[in-house]
Protein chains: 2
Amino acid sequence: MSGKPISLKVLAAHLGLTVPTVSRALNDYADISPSTRERVKRAADELGYRANQNARRLSLGTPETVGYLMPRFSSAIAQPFVAQLLQGLGEALSKRSWDLLVTHADSSKDELNQIERMVRSGRVAGLVISRPLKNDPRIRLIQDLKCPFVVHGRTASCDDYAWYDVDGEDAFITAVNHLVGLAHSRVAFIGAPLQYQFAQDRLNGYQIAISANGLDVDADLIQIADFSDDGGEIAMNMLLDLPSPPTAVVCVSDTMAFGAMAAIRARGLIPGVDVSVIGYDGLKFGIHSNPPLTSMAQPQAHAGRRLGDMLLAIIDGDDPAKHQELQRAQLLRRKTDGPLNVASHTTVSFREEHT
Amino acid sequence: MSGKPISLKVLAAHLGLTVPTVSRALNDYADISPSTRERVKRAADELGYRANQNARRLSLGTPETVGYLMPRFSSAIAQPFVAQLLQGLGEALSKRSWDLLVTHADSSKDELNQIERMVRSGRVAGLVISRPLKNDPRIRLIQDLKCPFVVHGRTASCDDYAWYDVDGEDAFITAVNHLVGLAHSRVAFIGAPLQYQFAQDRLNGYQIAISANGLDVDADLIQIADFSDDGGEIAMNMLLDLPSPPTAVVCVSDTMAFGAMAAIRARGLIPGVDVSVIGYDGLKFGIHSNPPLTSMAQPQAHAGRRLGDMLLAIIDGDDPAKHQELQRAQLLRRKTDGPLNVASHTTVSFREEHT
DNA sequence: TTGCATTGCGAAACCGCTTTCGGATAGCGT
DNA sequence: ACGCTATCCGAAAGCGGTTTCGCAATGCAA
């Protein structure tokens, strides 16, 4: 079980057979007698033979590997989903013993170069990308390269490729409806730059739900900021400085929601009492925030598994357009969604009159 | 720039040269005239030639790839460091355009099988593993396989291989000293199962510091639990149920500390006021916990970079034993380390007298 | 016994690239 | 004119597998 890898050649010599025969025996070809097939397999086991994958893949013409491009984060806090996604992806791929290659790029340009190299050099048979922009250059490039891929998320036009996404529009309708049901009428939105499609989808859901509930879509209540906790904090401060501040806010991510809560607490207000907050991601950490964050939850490991399965199917020849999955997010109630607090509402109005 | 990859053969035909000549031109061999070398490189650029890596690696005899084994987590909350570590690893490897393979195993047995397959099949030229046990079977296996590797962490005897670790003993001495400096005399320890070397190291630091400060090492104040937030909560409850509970506690991870804080708050006590808490990891999220968690911080991306550099050096032939790095953790003060609170101390004593 | 299909394996070619080796051409001195 | 050394490139072999093809040995029927 130790030492240097053993090649097919020495295995064959050991058995008194030729290399191709042993190869076919191991791969269950019909033209090898059952007896020698068994003999070969037993010997392979005993010697601990493992086919050299570089040779095998060269011959097969496929790398049996897919690549994952780690998203470039503005804030380190946003990364917890990566490990779970990778785990799910790995599970799906390991069913066929494919490999998972992970890369990270510092700039968008780097990223495009990396993609081009990975596929043209035959390193990967498919790609998974996360968090696409509305019009994502990576997708165009990968399509040009005719490389199978799946997108974790969607772009503005997403009819001709495979994707797995959580329905952000639906989730924000759910979130807003929930808050309106708690008697809130001034519900704000804290979003990320709209170049990200997910940011746009969630904003759409927000606006749809606001209108559907007979409320006004007040542009002041829509704050777009950096996709980070700091961004959330800044956005929330803008909202609280409004003449007529919101009594509830929905945020495009838990991370931004954490920042928003910091801003709320900094003014002596209590998230979930004075201002309700709903995040998005359902991070486990939310249990430990102050107070525990209500959020729209989504299963990341499941996303990884689905993405892996879809990609393999497409590599096998499936039509990518047939593989489009929209998952619904679940409202995960913790402690930051509360009924409209009339007292703090008037306090706010009071403050408003004196500024 | 599009379509199917272009092979060396068609490049050569395009140039009216032979395959080996083109290959050597691209690889800067001296026996190729500068003029044809330039001509070849220009043509390669224009046609977007990329050497097929499977072929190249087969010929070279090295996969130019290293593998990372994702740790198996008892709790999904424990994963945030993975993304940063991978990012750092990727950076180090990309300097030589090596690849990073990531795998995940469900069981320890699976993990050993995966390791064995990865190295014997020539998929990776080296391995990185995280969080070793005191006597980790993975390390023995990898050594048997004669595969270069680096460990993120250490085992009980760690003289003969390469590792990068944060000095947990030192960190806990720092943490305990800090708390004692705040007048705490009953400082507890919340730890993970001692099969993990890091858990042992941190416990050692705790015990050393307690003794060095002239305090008694009280076995009741040492709680070992599952390495998760729930574990931390259970452990803290045990401590608070003690006849004479601690006024401060150090935890082997931020995650466990979050759980501990939940237990503290559940009793109407305030972390950092009634009971001080110091975590370990310095997670960004700690800013948003209730209250913000004081922690022993360590830079994970830096760890990844160093691990990558070390592994490459070892693959190049360096003596693994020469590559052993101990990083110091920094005390990151936030809000859970406070001076001994006499009021709550007596409250506790009061409670104690009446049970 | 001959004839014919089956069975079971070896021979050869190939995947795309690298590297060693040898030979043709050019450049130089004499 | 000759020989000699450099210079530059082509020929061939090899990395470790897979796959197509063909042939020898066996089985069976006639």
# chains A, B, ... in the order shown; residues from 1 in each chain; ligands from 1

call {"tool": "interface_residues", "arguments": {"of": "chain B", "to": "chain C", "cutoff": "6 Å", "atoms": "only C-alpha atoms (C1' of nucleotides)", "output": "ChimeraX atom specification"}}
result
/B:55-56,59

call {"tool": "closest_residue", "arguments": {"among": "A:Thr21, A:Gln327, A:Gln87, A:Gln114", "to": "Gly304 (chain A)", "atoms": "only C-alpha atoms"}}
result
A:Gln87

call {"tool": "interface_residues", "arguments": {"of": "chain D", "to": "chain A", "cutoff": "9 Å", "atoms": "only C-alpha atoms (C1' of nucleotides)", "output": "short mmCIF file (atom, residue, chain, number, x, y, z; two decimals) with C-alpha atoms (C1' of nucleotides), in the first residue's frame"}}
result
data_model
loop_
_atom_site.label_atom_id
_atom_site.label_comp_id
_atom_site.auth_asym_id
_atom_site.auth_seq_id
_atom_site.Cartn_x
_atom_site.Cartn_y
_atom_site.Cartn_z
"C1'" DC D 15 4.64 9.38 -20.55
"C1'" DG D 16 0.36 5.62 -19.12
"C1'" DG D 17 -3.49 4.76 -20.36
"C1'" DT D 18 -7.78 3.37 -24.10
"C1'" DT D 19 -9.75 1.46 -28.21
#

call {"tool": "closest_residue", "arguments": {"among": "A:Ala192, A:Ile234, A:Ala260, A:Val187", "to": "chain B", "atoms": "only C-alpha atoms"}}
result
A:Ala260

call {"tool": "select_by_dssp", "arguments": {"residues": "region 79-307 of chain B", "states": "strand (DSSP E)", "output": "PyMOL selection string"}}
result
chain B and resi 99-104+126-130+149-152+162-166+187-191+222-224+248-251+276-281+294-297

call {"tool": "closest_atom_pairs", "arguments": {"of": "chain A", "to": "chain B", "cutoff": "7 Å", "atoms": "only C-alpha atoms", "output": "tab-separated table"}}
result
residue	atom	partner	partner_atom	distance
A:Ser2	CA	B:Leu145	CA	4.8
A:Gly3	CA	B:Leu145	CA	5.3
A:Pro5	CA	B:Arg120	CA	5.2
A:Arg50	CA	B:Ser121	CA	5.0
A:Ala51	CA	B:Ser121	CA	5.4
A:Asn52	CA	B:Ser121	CA	4.5
A:Gln53	CA	B:Ser121	CA	5.6
A:Asn54	CA	B:Asn54	CA	5.0
A:Ala55	CA	B:Leu58	CA	5.8
A:Arg57	CA	B:Asn54	CA	6.6
A:Leu58	CA	B:Asn54	CA	5.4
A:Ile77	CA	B:Lys284	CA	5.7
A:Gln79	CA	B:Ala83	CA	6.2
A:Pro80	CA	B:Pro80	CA	4.6
A:Val82	CA	B:Ala83	CA	6.1
A:Ala83	CA	B:Val82	CA	6.1
A:Gln87	CA	B:His104	CA	6.2
A:Gly90	CA	B:Thr103	CA	6.3
A:Asp99	CA	B:Leu101	CA	7.0
A:Leu100	CA	B:Leu101	CA	5.7
A:Leu101	CA	B:Leu101	CA	4.7
A:Val102	CA	B:Leu100	CA	5.7
A:Thr103	CA	B:Gly90	CA	6.3
A:His104	CA	B:Gln87	CA	6.2
A:Arg117	CA	B:Arg50	CA	6.9
A:Arg120	CA	B:Pro5	CA	5.2
A:Ser121	CA	B:Asn52	CA	4.5
A:Gly122	CA	B:Asn52	CA	5.4
A:Arg123	CA	B:Gln53	CA	6.1
A:Asp144	CA	B:Ser2	CA	5.2
A:Leu145	CA	B:Ser2	CA	4.8
A:Lys146	CA	B:Gly3	CA	6.1
A:Phe258	CA	B:His288	CA	6.3
A:Lys284	CA	B:Ile77	CA	5.9
A:Phe285	CA	B:Ile77	CA	6.7
A:His288	CA	B:Ser289	CA	5.5
A:Ser289	CA	B:Ser289	CA	4.4
A:Asn290	CA	B:Asn290	CA	4.8

call {"tool": "residues_around", "arguments": {"residues": "Asn237 (chain A)", "least_positions_apart": "5", "cutoff": "12 Å", "atoms": "only C-alpha atoms (C1' of nucleotides)", "output": "list in words"}}
result
Ala188, Ile190, Leu221, Gln223, Ala225, Asp230, Gly231, Gly232, Leu242, Pro245, Pro246, Val249, Gly259, Ala260, Met261, Ala262, Ala263, Ile264, Arg265, Ala266 and Arg267 of chain A

call {"tool": "decode", "arguments": {"residues": "chain C", "atoms": "N, CA and C atoms (P, O5', C5', C4', C3', O3' and C1' of nucleotides)", "output": "PDB file, in the first residue's frame"}}
result
ATOM      1  P    DT C   1      -9.237 -37.256 -37.827  1.00  0.00           P
ATOM      2  O5'  DT C   1      -9.195 -36.288 -39.061  1.00  0.00           O
ATOM      3  C5'  DT C   1      -9.130 -36.488 -40.389  1.00  0.00           C
ATOM      4  C4'  DT C   1     -10.299 -35.845 -41.097  1.00  0.00           C
ATOM      5  C3'  DT C   1     -10.178 -34.331 -41.290  1.00  0.00           C
ATOM      6  O3'  DT C   1      -9.753 -34.072 -42.617  1.00  0.00           O
ATOM      7  C1'  DT C   1     -12.409 -34.972 -40.609  1.00  0.00           C
ATOM      8  P    DT C   2      -9.088 -32.669 -42.920  1.00  0.00           P
ATOM      9  O5'  DT C   2     -10.361 -31.773 -43.236  1.00  0.00           O
ATOM     10  C5'  DT C   2     -11.269 -32.140 -44.275  1.00  0.00           C
ATOM     11  C4'  DT C   2     -12.519 -31.310 -44.185  1.00  0.00           C
ATOM     12  C3'  DT C   2     -12.302 -29.800 -44.239  1.00  0.00           C
ATOM     13  O3'  DT C   2     -12.998 -29.244 -45.342  1.00  0.00           O
ATOM     14  C1'  DT C   2     -13.746 -30.369 -42.437  1.00  0.00           C
ATOM     15  P    DG C   3     -12.769 -27.645 -45.604  1.00  0.00           P
ATOM     16  O5'  DG C   3     -13.976 -26.961 -44.836  1.00  0.00           O
ATOM     17  C5'  DG C   3     -15.326 -27.368 -45.119  1.00  0.00           C
ATOM     18  C4'  DG C   3     -16.276 -26.551 -44.273  1.00  0.00           C
ATOM     19  C3'  DG C   3     -15.955 -25.054 -44.249  1.00  0.00           C
ATOM     20  O3'  DG C   3     -17.151 -24.307 -44.483  1.00  0.00           O
ATOM     21  C1'  DG C   3     -16.068 -25.888 -42.024  1.00  0.00           C
ATOM     22  P    DC C   4     -17.026 -22.740 -44.727  1.00  0.00           P
ATOM     23  O5'  DC C   4     -17.566 -22.168 -43.360  1.00  0.00           O
ATOM     24  C5'  DC C   4     -18.818 -22.641 -42.835  1.00  0.00           C
ATOM     25  C4'  DC C   4     -18.989 -22.152 -41.406  1.00  0.00           C
ATOM     26  C3'  DC C   4     -18.586 -20.685 -41.201  1.00  0.00           C
ATOM     27  O3'  DC C   4     -19.661 -19.951 -40.642  1.00  0.00           O
ATOM     28  C1'  DC C   4     -17.600 -22.066 -39.543  1.00  0.00           C
ATOM     29  P    DA C   5     -19.552 -18.357 -40.574  1.00  0.00           P
ATOM     30  O5'  DA C   5     -19.882 -18.138 -39.036  1.00  0.00           O
ATOM     31  C5'  DA C   5     -21.016 -18.794 -38.469  1.00  0.00           C
ATOM     32  C4'  DA C   5     -20.806 -18.996 -36.980  1.00  0.00           C
ATOM     33  C3'  DA C   5     -20.647 -17.704 -36.170  1.00  0.00           C
ATOM     34  O3'  DA C   5     -21.382 -17.840 -34.971  1.00  0.00           O
ATOM     35  C1'  DA C   5     -18.755 -19.080 -35.837  1.00  0.00           C
ATOM     36  P    DT C   6     -21.900 -16.543 -34.184  1.00  0.00           P
ATOM     37  O5'  DT C   6     -21.051 -16.661 -32.847  1.00  0.00           O
ATOM     38  C5'  DT C   6     -20.031 -17.612 -32.822  1.00  0.00           C
ATOM     39  C4'  DT C   6     -19.576 -17.963 -31.416  1.00  0.00           C
ATOM     40  C3'  DT C   6     -19.339 -16.795 -30.474  1.00  0.00           C
ATOM     41  O3'  DT C   6     -19.567 -17.235 -29.145  1.00  0.00           O
ATOM     42  C1'  DT C   6     -17.237 -17.770 -31.076  1.00  0.00           C
ATOM     43  P    DT C   7     -19.579 -16.206 -27.902  1.00  0.00           P
ATOM     44  O5'  DT C   7     -18.114 -16.422 -27.340  1.00  0.00           O
ATOM     45  C5'  DT C   7     -17.680 -17.743 -27.035  1.00  0.00           C
ATOM     46  C4'  DT C   7     -16.208 -17.733 -26.680  1.00  0.00           C
ATOM     47  C3'  DT C   7     -15.777 -16.611 -25.726  1.00  0.00           C
ATOM     48  O3'  DT C   7     -15.103 -17.199 -24.637  1.00  0.00           O
ATOM     49  C1'  DT C   7     -14.334 -16.713 -27.594  1.00  0.00           C
ATOM     50  P    DG C   8     -14.463 -16.313 -23.449  1.00  0.00           P
ATOM     51  O5'  DG C   8     -13.021 -16.001 -24.023  1.00  0.00           O
ATOM     52  C5'  DG C   8     -12.007 -17.004 -23.973  1.00  0.00           C
ATOM     53  C4'  DG C   8     -10.676 -16.341 -24.223  1.00  0.00           C
ATOM     54  C3'  DG C   8     -10.390 -15.135 -23.315  1.00  0.00           C
ATOM     55  O3'  DG C   8      -9.053 -15.237 -22.852  1.00  0.00           O
ATOM     56  C1'  DG C   8     -10.194 -14.497 -25.579  1.00  0.00           C
ATOM     57  P    DC C   9      -8.512 -14.246 -21.744  1.00  0.00           P
ATOM     58  O5'  DC C   9      -7.409 -13.465 -22.584  1.00  0.00           O
ATOM     59  C5'  DC C   9      -6.259 -14.190 -23.032  1.00  0.00           C
ATOM     60  C4'  DC C   9      -5.728 -13.538 -24.287  1.00  0.00           C
ATOM     61  C3'  DC C   9      -4.931 -12.253 -24.053  1.00  0.00           C
ATOM     62  O3'  DC C   9      -3.542 -12.576 -24.095  1.00  0.00           O
ATOM     63  C1'  DC C   9      -6.295 -12.185 -26.043  1.00  0.00           C
ATOM     64  P    DG C  10      -2.463 -11.476 -23.759  1.00  0.00           P
ATOM     65  O5'  DG C  10      -1.933 -11.085 -25.219  1.00  0.00           O
ATOM     66  C5'  DG C  10      -1.433 -12.102 -26.085  1.00  0.00           C
ATOM     67  C4'  DG C  10      -1.104 -11.518 -27.446  1.00  0.00           C
ATOM     68  C3'  DG C  10      -0.121 -10.342 -27.434  1.00  0.00           C
ATOM     69  O3'  DG C  10       0.740 -10.454 -28.553  1.00  0.00           O
ATOM     70  C1'  DG C  10      -2.183  -9.631 -28.374  1.00  0.00           C
ATOM     71  P    DA C  11       1.897  -9.408 -28.725  1.00  0.00           P
ATOM     72  O5'  DA C  11       1.500  -8.529 -30.000  1.00  0.00           O
ATOM     73  C5'  DA C  11       0.681  -9.095 -31.045  1.00  0.00           C
ATOM     74  C4'  DA C  11       0.543  -8.094 -32.186  1.00  0.00           C
ATOM     75  C3'  DA C  11       1.564  -6.958 -32.197  1.00  0.00           C
ATOM     76  O3'  DA C  11       1.808  -6.586 -33.550  1.00  0.00           O
ATOM     77  C1'  DA C  11      -0.594  -6.059 -31.817  1.00  0.00           C
ATOM     78  P    DA C  12       2.780  -5.345 -33.873  1.00  0.00           P
ATOM     79  O5'  DA C  12       1.771  -4.120 -34.027  1.00  0.00           O
ATOM     80  C5'  DA C  12       0.548  -4.313 -34.769  1.00  0.00           C
ATOM     81  C4'  DA C  12      -0.201  -2.999 -34.886  1.00  0.00           C
ATOM     82  C3'  DA C  12       0.677  -1.745 -34.913  1.00  0.00           C
ATOM     83  O3'  DA C  12       0.129  -0.850 -35.856  1.00  0.00           O
ATOM     84  C1'  DA C  12      -0.862  -1.559 -33.162  1.00  0.00           C
ATOM     85  P    DA C  13       0.895   0.521 -36.232  1.00  0.00           P
ATOM     86  O5'  DA C  13      -0.218   1.607 -35.862  1.00  0.00           O
ATOM     87  C5'  DA C  13      -1.597   1.295 -36.102  1.00  0.00           C
ATOM     88  C4'  DA C  13      -2.477   2.308 -35.390  1.00  0.00           C
ATOM     89  C3'  DA C  13      -1.900   3.730 -35.360  1.00  0.00           C
ATOM     90  O3'  DA C  13      -2.928   4.644 -35.643  1.00  0.00           O
ATOM     91  C1'  DA C  13      -2.394   3.036 -33.174  1.00  0.00           C
ATOM     92  P    DC C  14      -2.556   6.187 -35.902  1.00  0.00           P
ATOM     93  O5'  DC C  14      -3.171   6.908 -34.632  1.00  0.00           O
ATOM     94  C5'  DC C  14      -4.482   6.560 -34.168  1.00  0.00           C
ATOM     95  C4'  DC C  14      -4.677   7.096 -32.774  1.00  0.00           C
ATOM     96  C3'  DC C  14      -4.057   8.482 -32.533  1.00  0.00           C
ATOM     97  O3'  DC C  14      -5.059   9.389 -32.165  1.00  0.00           O
ATOM     98  C1'  DC C  14      -3.595   7.005 -30.740  1.00  0.00           C
ATOM     99  P    DC C  15      -4.747  10.982 -32.358  1.00  0.00           P
ATOM    100  O5'  DC C  15      -5.355  11.635 -31.057  1.00  0.00           O
ATOM    101  C5'  DC C  15      -6.270  10.982 -30.190  1.00  0.00           C
ATOM    102  C4'  DC C  15      -6.003  11.430 -28.770  1.00  0.00           C
ATOM    103  C3'  DC C  15      -5.092  12.645 -28.660  1.00  0.00           C
ATOM    104  O3'  DC C  15      -5.891  13.814 -28.494  1.00  0.00           O
ATOM    105  C1'  DC C  15      -4.459  10.909 -27.101  1.00  0.00           C
ATOM    106  P    DG C  16      -5.585  15.110 -29.400  1.00  0.00           P
ATOM    107  O5'  DG C  16      -4.361  15.823 -28.674  1.00  0.00           O
ATOM    108  C5'  DG C  16      -4.528  16.284 -27.347  1.00  0.00           C
ATOM    109  C4'  DG C  16      -3.172  16.617 -26.754  1.00  0.00           C
ATOM    110  C3'  DG C  16      -2.321  17.561 -27.605  1.00  0.00           C
ATOM    111  O3'  DG C  16      -1.858  18.588 -26.762  1.00  0.00           O
ATOM    112  C1'  DG C  16      -1.069  15.667 -26.995  1.00  0.00           C
ATOM    113  P    DC C  17      -1.004  19.812 -27.300  1.00  0.00           P
ATOM    114  O5'  DC C  17       0.377  19.617 -26.529  1.00  0.00           O
ATOM    115  C5'  DC C  17       0.370  19.537 -25.119  1.00  0.00           C
ATOM    116  C4'  DC C  17       1.563  18.742 -24.636  1.00  0.00           C
ATOM    117  C3'  DC C  17       2.925  19.350 -24.928  1.00  0.00           C
ATOM    118  O3'  DC C  17       3.440  19.939 -23.736  1.00  0.00           O
ATOM    119  C1'  DC C  17       2.905  16.983 -25.214  1.00  0.00           C
ATOM    120  P    DT C  18       4.868  20.702 -23.831  1.00  0.00           P
ATOM    121  O5'  DT C  18       5.904  19.539 -23.507  1.00  0.00           O
ATOM    122  C5'  DT C  18       5.875  18.898 -22.245  1.00  0.00           C
ATOM    123  C4'  DT C  18       7.025  17.910 -22.128  1.00  0.00           C
ATOM    124  C3'  DT C  18       8.419  18.513 -22.286  1.00  0.00           C
ATOM    125  O3'  DT C  18       9.225  18.013 -21.232  1.00  0.00           O
ATOM    126  C1'  DT C  18       8.154  16.706 -23.790  1.00  0.00           C
ATOM    127  P    DT C  19      10.644  18.682 -20.904  1.00  0.00           P
ATOM    128  O5'  DT C  19      11.670  17.646 -21.529  1.00  0.00           O
ATOM    129  C5'  DT C  19      11.501  16.258 -21.253  1.00  0.00           C
ATOM    130  C4'  DT C  19      12.450  15.437 -22.102  1.00  0.00           C
ATOM    131  C3'  DT C  19      13.810  16.111 -22.373  1.00  0.00           C
ATOM    132  O3'  DT C  19      14.825  15.150 -22.155  1.00  0.00           O
ATOM    133  C1'  DT C  19      12.840  15.377 -24.388  1.00  0.00           C
ATOM    134  P    DT C  20      16.337  15.583 -21.948  1.00  0.00           P
ATOM    135  O5'  DT C  20      17.102  14.402 -22.703  1.00  0.00           O
ATOM    136  C5'  DT C  20      16.505  13.111 -22.756  1.00  0.00           C
ATOM    137  C4'  DT C  20      16.894  12.396 -24.039  1.00  0.00           C
ATOM    138  C3'  DT C  20      18.340  12.657 -24.501  1.00  0.00           C
ATOM    139  O3'  DT C  20      18.936  11.420 -24.876  1.00  0.00           O
ATOM    140  C1'  DT C  20      16.854  13.099 -26.262  1.00  0.00           C
ATOM    141  P    DC C  21      20.510  11.367 -25.161  1.00  0.00           P
ATOM    142  O5'  DC C  21      20.537  11.200 -26.748  1.00  0.00           O
ATOM    143  C5'  DC C  21      19.623  10.282 -27.372  1.00  0.00           C
ATOM    144  C4'  DC C  21      19.615  10.505 -28.870  1.00  0.00           C
ATOM    145  C3'  DC C  21      20.991  10.808 -29.475  1.00  0.00           C
ATOM    146  O3'  DC C  21      21.196   9.983 -30.599  1.00  0.00           O
ATOM    147  C1'  DC C  21      19.410  12.397 -30.194  1.00  0.00           C
ATOM    148  P    DG C  22      22.684   9.785 -31.164  1.00  0.00           P
ATOM    149  O5'  DG C  22      22.440   9.990 -32.721  1.00  0.00           O
ATOM    150  C5'  DG C  22      21.174   9.683 -33.303  1.00  0.00           C
ATOM    151  C4'  DG C  22      20.924  10.582 -34.494  1.00  0.00           C
ATOM    152  C3'  DG C  22      22.186  10.918 -35.310  1.00  0.00           C
ATOM    153  O3'  DG C  22      21.868  10.883 -36.686  1.00  0.00           O
ATOM    154  C1'  DG C  22      21.133  12.904 -34.667  1.00  0.00           C
ATOM    155  P    DG C  23      23.045  10.747 -37.760  1.00  0.00           P
ATOM    156  O5'  DG C  23      22.438  11.493 -39.027  1.00  0.00           O
ATOM    157  C5'  DG C  23      21.031  11.736 -39.120  1.00  0.00           C
ATOM    158  C4'  DG C  23      20.801  13.117 -39.715  1.00  0.00           C
ATOM    159  C3'  DG C  23      21.877  13.568 -40.703  1.00  0.00           C
ATOM    160  O3'  DG C  23      21.255  14.266 -41.758  1.00  0.00           O
ATOM    161  C1'  DG C  23      21.672  15.165 -39.002  1.00  0.00           C
ATOM    162  P    DA C  24      21.928  14.216 -43.213  1.00  0.00           P
ATOM    163  O5'  DA C  24      21.529  15.639 -43.803  1.00  0.00           O
ATOM    164  C5'  DA C  24      20.165  16.055 -43.754  1.00  0.00           C
ATOM    165  C4'  DA C  24      20.099  17.562 -43.595  1.00  0.00           C
ATOM    166  C3'  DA C  24      20.966  18.333 -44.594  1.00  0.00           C
ATOM    167  O3'  DA C  24      20.202  19.389 -45.137  1.00  0.00           O
ATOM    168  C1'  DA C  24      21.485  18.991 -42.380  1.00  0.00           C
ATOM    169  P    DT C  25      20.665  20.037 -46.545  1.00  0.00           P
ATOM    170  O5'  DT C  25      21.105  21.501 -46.099  1.00  0.00           O
ATOM    171  C5'  DT C  25      20.216  22.271 -45.279  1.00  0.00           C
ATOM    172  C4'  DT C  25      20.993  23.291 -44.483  1.00  0.00           C
ATOM    173  C3'  DT C  25      21.987  24.126 -45.306  1.00  0.00           C
ATOM    174  O3'  DT C  25      21.472  25.438 -45.463  1.00  0.00           O
ATOM    175  C1'  DT C  25      22.833  23.513 -43.164  1.00  0.00           C
ATOM    176  P    DA C  26      22.281  26.491 -46.365  1.00  0.00           P
ATOM    177  O5'  DA C  26      23.102  27.280 -45.250  1.00  0.00           O
ATOM    178  C5'  DA C  26      22.432  27.700 -44.055  1.00  0.00           C
ATOM    179  C4'  DA C  26      23.441  28.229 -43.058  1.00  0.00           C
ATOM    180  C3'  DA C  26      24.477  29.194 -43.661  1.00  0.00           C
ATOM    181  O3'  DA C  26      24.616  30.302 -42.790  1.00  0.00           O
ATOM    182  C1'  DA C  26      25.577  27.443 -42.538  1.00  0.00           C
ATOM    183  P    DG C  27      25.387  31.600 -43.305  1.00  0.00           P
ATOM    184  O5'  DG C  27      26.695  31.562 -42.383  1.00  0.00           O
ATOM    185  C5'  DG C  27      26.550  31.552 -40.963  1.00  0.00           C
ATOM    186  C4'  DG C  27      27.894  31.238 -40.340  1.00  0.00           C
ATOM    187  C3'  DG C  27      29.042  32.088 -40.887  1.00  0.00           C
ATOM    188  O3'  DG C  27      29.697  32.749 -39.814  1.00  0.00           O
ATOM    189  C1'  DG C  27      29.613  29.779 -40.924  1.00  0.00           C
ATOM    190  P    DC C  28      30.724  33.934 -40.158  1.00  0.00           P
ATOM    191  O5'  DC C  28      32.124  33.172 -40.020  1.00  0.00           O
ATOM    192  C5'  DC C  28      32.501  32.633 -38.752  1.00  0.00           C
ATOM    193  C4'  DC C  28      33.622  31.636 -38.924  1.00  0.00           C
ATOM    194  C3'  DC C  28      34.851  32.140 -39.690  1.00  0.00           C
ATOM    195  O3'  DC C  28      35.760  32.741 -38.769  1.00  0.00           O
ATOM    196  C1'  DC C  28      34.329  29.841 -40.189  1.00  0.00           C
ATOM    197  P    DG C  29      37.073  33.416 -39.344  1.00  0.00           P
ATOM    198  O5'  DG C  29      38.107  32.209 -39.349  1.00  0.00           O
ATOM    199  C5'  DG C  29      38.228  31.380 -38.183  1.00  0.00           C
ATOM    200  C4'  DG C  29      39.085  30.170 -38.520  1.00  0.00           C
ATOM    201  C3'  DG C  29      40.469  30.525 -39.082  1.00  0.00           C
ATOM    202  O3'  DG C  29      41.457  29.681 -38.496  1.00  0.00           O
ATOM    203  C1'  DG C  29      39.322  29.130 -40.618  1.00  0.00           C
ATOM    204  P    DT C  30      43.008  30.086 -38.719  1.00  0.00           P
ATOM    205  O5'  DT C  30      43.454  29.185 -39.941  1.00  0.00           O
ATOM    206  C5'  DT C  30      43.518  27.757 -39.777  1.00  0.00           C
ATOM    207  C4'  DT C  30      43.712  27.091 -41.134  1.00  0.00           C
ATOM    208  C3'  DT C  30      44.898  27.655 -41.924  1.00  0.00           C
ATOM    209  O3'  DT C  30      46.023  26.771 -41.811  1.00  0.00           O
ATOM    210  C1'  DT C  30      42.983  27.200 -43.316  1.00  0.00           C
TER     211       DT C  30
END
